[in-house]
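Participant: Sharing a structure with you now.
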Amino acid sequence: MKKIAVLLSGLLLSCTFISTSVFAKDVDVGEAMKAMGKSYRLIMKDTDLASFKKDLTTFRTAAVEAKSGKIEDTKMTDFAVGMKALIDETDVVSKLANDGKLDAAKTEAAKLRDLMKTYHHKLGV
């Protein structure tokens, strides 16, 4: 059962990535970032695993959407590196959540905030 849940989670994340990549045209990076911020706040307040997973999926979807957007060419490299790091860390948090480790997942999710702060500072936003 656990393997099926992990497989379905991976499939859902893959579908989210593919649909975002294929259908995204002019992504509003600012709106995607706002959605990420809102989802992050919910993640850190969640007290049950189901809500945490739902909000984490929303966060990752917004991060993938933001990554497909365009910003100033001079900042694009740092932006791409930061978004990749953020999405990779989200996947680490997701694995912990899928293993039923809510407290460990929330502790790991705090690193998302650190990454956001680091790259906001680097990009001057």
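In the structure tokens, chains take letters A, B, ... by order of appearance, with residues numbered from 1 within each chain and ligands from 1 in the order shown.
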As JSON, numbers by chain, please: every residue in chain A that a backbone DSSP assignment puts in helix (DSSP H, G or I).
Facilitator: {"A": [2, 3, 4, 5, 6, 7, 8, 9, 10, 11, 12, 13, 14, 15, 16, 17, 18, 19, 20, 21, 22, 23, 29, 30, 31, 32, 33, 34, 35, 36, 37, 38, 39, 40, 41, 42, 43, 44, 45, 49, 50, 51, 52, 53, 54, 55, 56, 57, 58, 59, 60, 61, 62, 63, 64, 65, 66, 67, 73, 74, 75, 76, 77, 78, 79, 80, 81, 82, 83, 84, 85, 86, 87, 88, 89, 90, 91, 92, 93, 94, 95, 96, 97, 98, 102, 103, 104, 105, 106, 107, 108, 109, 110, 111, 112, 113, 114, 115, 116, 117, 118, 119, 120, 121, 122, 123]}
Participant: Could you pull the residues within 8 Å of A:Ser39, counting only C-alpha atoms, minus those fewer than 4 positions along the same chain, as a list in words?
Facilitator: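 Here the qualifying residues turn out to be Ala35, Ile43, Asp55, Leu56, Thr58 and Phe59 of chain A.
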Participant: Generate a file of the selected residues that holds N, CA and C atoms, formatted as a short mmCIF file (atom, residue, chain, number, x, y, z; two decimals), in the first residue's frame.
Facilitator:
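Heads up, here's the output in result.cif:
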data_model
loop_
_atom_site.label_atom_id
_atom_site.label_comp_id
_atom_site.auth_asym_id
_atom_site.auth_seq_id
_atom_site.Cartn_x
_atom_site.Cartn_y
_atom_site.Cartn_z
N ALA A 35 1.80 32.50 -4.32
CA ALA A 35 1.18 31.20 -4.04
C ALA A 35 2.12 30.32 -3.22
N ILE A 43 1.79 25.09 5.21
CA ILE A 43 2.59 23.90 5.52
C ILE A 43 3.08 23.96 6.96
N ASP A 55 -0.82 20.81 0.91
CA ASP A 55 -0.21 22.13 0.84
C ASP A 55 1.21 22.07 0.26
N LEU A 56 1.93 20.99 0.54
CA LEU A 56 3.26 20.82 -0.03
C LEU A 56 3.17 20.63 -1.55
N THR A 58 0.82 21.85 -3.44
CA THR A 58 0.49 23.17 -3.97
C THR A 58 1.73 24.04 -4.04
N PHE A 59 2.57 23.97 -3.01
CA PHE A 59 3.82 24.72 -2.97
C PHE A 59 4.71 24.31 -4.14
#
Participant: Hey, what's within 9 Å of A:Met44 if we count only C-alpha atoms and toss same-chain stuff fewer than 5 positions away? As a PyMOL selection string, please?
Facilitator: chain A and resi 39+52+106+109-110
Participant: I'd like the neighbourhood of A:Leu115 as a list in words, where a residue qualifies if any of its atoms comes within 12 Å (using only C-alpha atoms), though same-chain residues fewer than 6 positions away should be ignored.
Facilitator: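 Near neighbours after the sequence-gap exclusion: Phe79, Val81, Gly82, Met83, Lys84, Ala85, Leu86, Ile87, Asp88, Glu89, Thr90, Glu108, Ala109, His121 and Lys122 of chain A.
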Participant: Between atom CA of A:Gly37 and atom CA of A:Met76, what is the spacing in Å?
Facilitator: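 Atom-to-atom, atom CA of A:Met76 and atom CA of A:Gly37 are spaced 20.4 Å apart.
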Participant: Just the residues within 10 Å of A:Ala105, please, counting only C-alpha atoms, with nothing from its chain fewer than 6 positions along; format it as a list of chain:residue names.
Facilitator: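 What passes the distance filter is A:Ile43, A:Met44, A:Leu49, A:Phe52, A:Lys53, A:Thr90, A:Val92, A:Val93, A:Ser94, A:Lys95, A:Leu96, A:Ala97, A:Asn98, A:Asp99.
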Participant: Would you please work out which residue, of A:Tyr40, A:Asp91, A:Leu102, A:Thr74, is nearest to A:Leu123 when using only C-alpha atoms?
Facilitator: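 Selected residue with least distance to A:Leu123: A:Thr74.
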Participant: Quick one: distance from atom CA of A:Asp48 to atom CA of A:Ala66 in Å, one decimal?
Facilitator: 27.0 Å
Participant: Taking into account only C-alpha atoms, which residue in the set A:Tyr119, A:Leu42, A:Lys111, A:Asp73 is nearest to A:Lys54?
Facilitator: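 Answer, going by the shortest atom-to-atom distance: A:Leu42.
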Participant: Find the residues near A:Gly30: any atom within 10 Å, counting only C-alpha atoms, skip ones fewer than 3 places away on the same chain, and give them as a PDB file with N, CA, C and O atoms, in the first residue's frame.
Facilitator:
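Final output, selection-v5.pdb:
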ATOM      1  N   VAL A  27       4.054  33.073 -17.710  1.00  0.00           N
ATOM      2  CA  VAL A  27       3.924  32.823 -16.278  1.00  0.00           C
ATOM      3  C   VAL A  27       4.201  34.114 -15.524  1.00  0.00           C
ATOM      4  O   VAL A  27       5.194  34.788 -15.779  1.00  0.00           O
ATOM      5  N   MET A  33       5.088  33.179  -6.911  1.00  0.00           N
ATOM      6  CA  MET A  33       5.808  33.353  -5.652  1.00  0.00           C
ATOM      7  C   MET A  33       4.837  33.622  -4.499  1.00  0.00           C
ATOM      8  O   MET A  33       5.031  33.126  -3.381  1.00  0.00           O
ATOM      9  N   LYS A  34       3.796  34.389  -4.760  1.00  0.00           N
ATOM     10  CA  LYS A  34       2.788  34.637  -3.724  1.00  0.00           C
ATOM     11  C   LYS A  34       2.106  33.333  -3.328  1.00  0.00           C
ATOM     12  O   LYS A  34       1.865  33.080  -2.145  1.00  0.00           O
ATOM     13  N   ALA A  35       1.803  32.501  -4.319  1.00  0.00           N
ATOM     14  CA  ALA A  35       1.178  31.201  -4.044  1.00  0.00           C
ATOM     15  C   ALA A  35       2.116  30.320  -3.220  1.00  0.00           C
ATOM     16  O   ALA A  35       1.677  29.615  -2.305  1.00  0.00           O
ATOM     17  N   MET A  36       3.410  30.392  -3.530  1.00  0.00           N
ATOM     18  CA  MET A  36       4.389  29.632  -2.752  1.00  0.00           C
ATOM     19  C   MET A  36       4.412  30.110  -1.305  1.00  0.00           C
ATOM     20  O   MET A  36       4.434  29.297  -0.371  1.00  0.00           O
ATOM     21  N   ALA A  66       6.715  28.921 -11.251  1.00  0.00           N
ATOM     22  CA  ALA A  66       7.604  30.085 -11.172  1.00  0.00           C
ATOM     23  C   ALA A  66       8.896  29.833 -11.941  1.00  0.00           C
ATOM     24  O   ALA A  66       9.387  30.720 -12.653  1.00  0.00           O
ATOM     25  N   GLY A  69       8.874  30.651 -15.517  1.00  0.00           N
ATOM     26  CA  GLY A  69       8.702  32.059 -15.865  1.00  0.00           C
ATOM     27  C   GLY A  69      10.006  32.719 -16.250  1.00  0.00           C
ATOM     28  O   GLY A  69      11.081  32.127 -16.166  1.00  0.00           O
ATOM     29  N   ILE A  71      12.550  36.145 -15.864  1.00  0.00           N
ATOM     30  CA  ILE A  71      12.931  37.340 -15.113  1.00  0.00           C
ATOM     31  C   ILE A  71      14.075  37.998 -15.868  1.00  0.00           C
ATOM     32  O   ILE A  71      14.465  37.528 -16.932  1.00  0.00           O
TER      33      ILE A  71
END
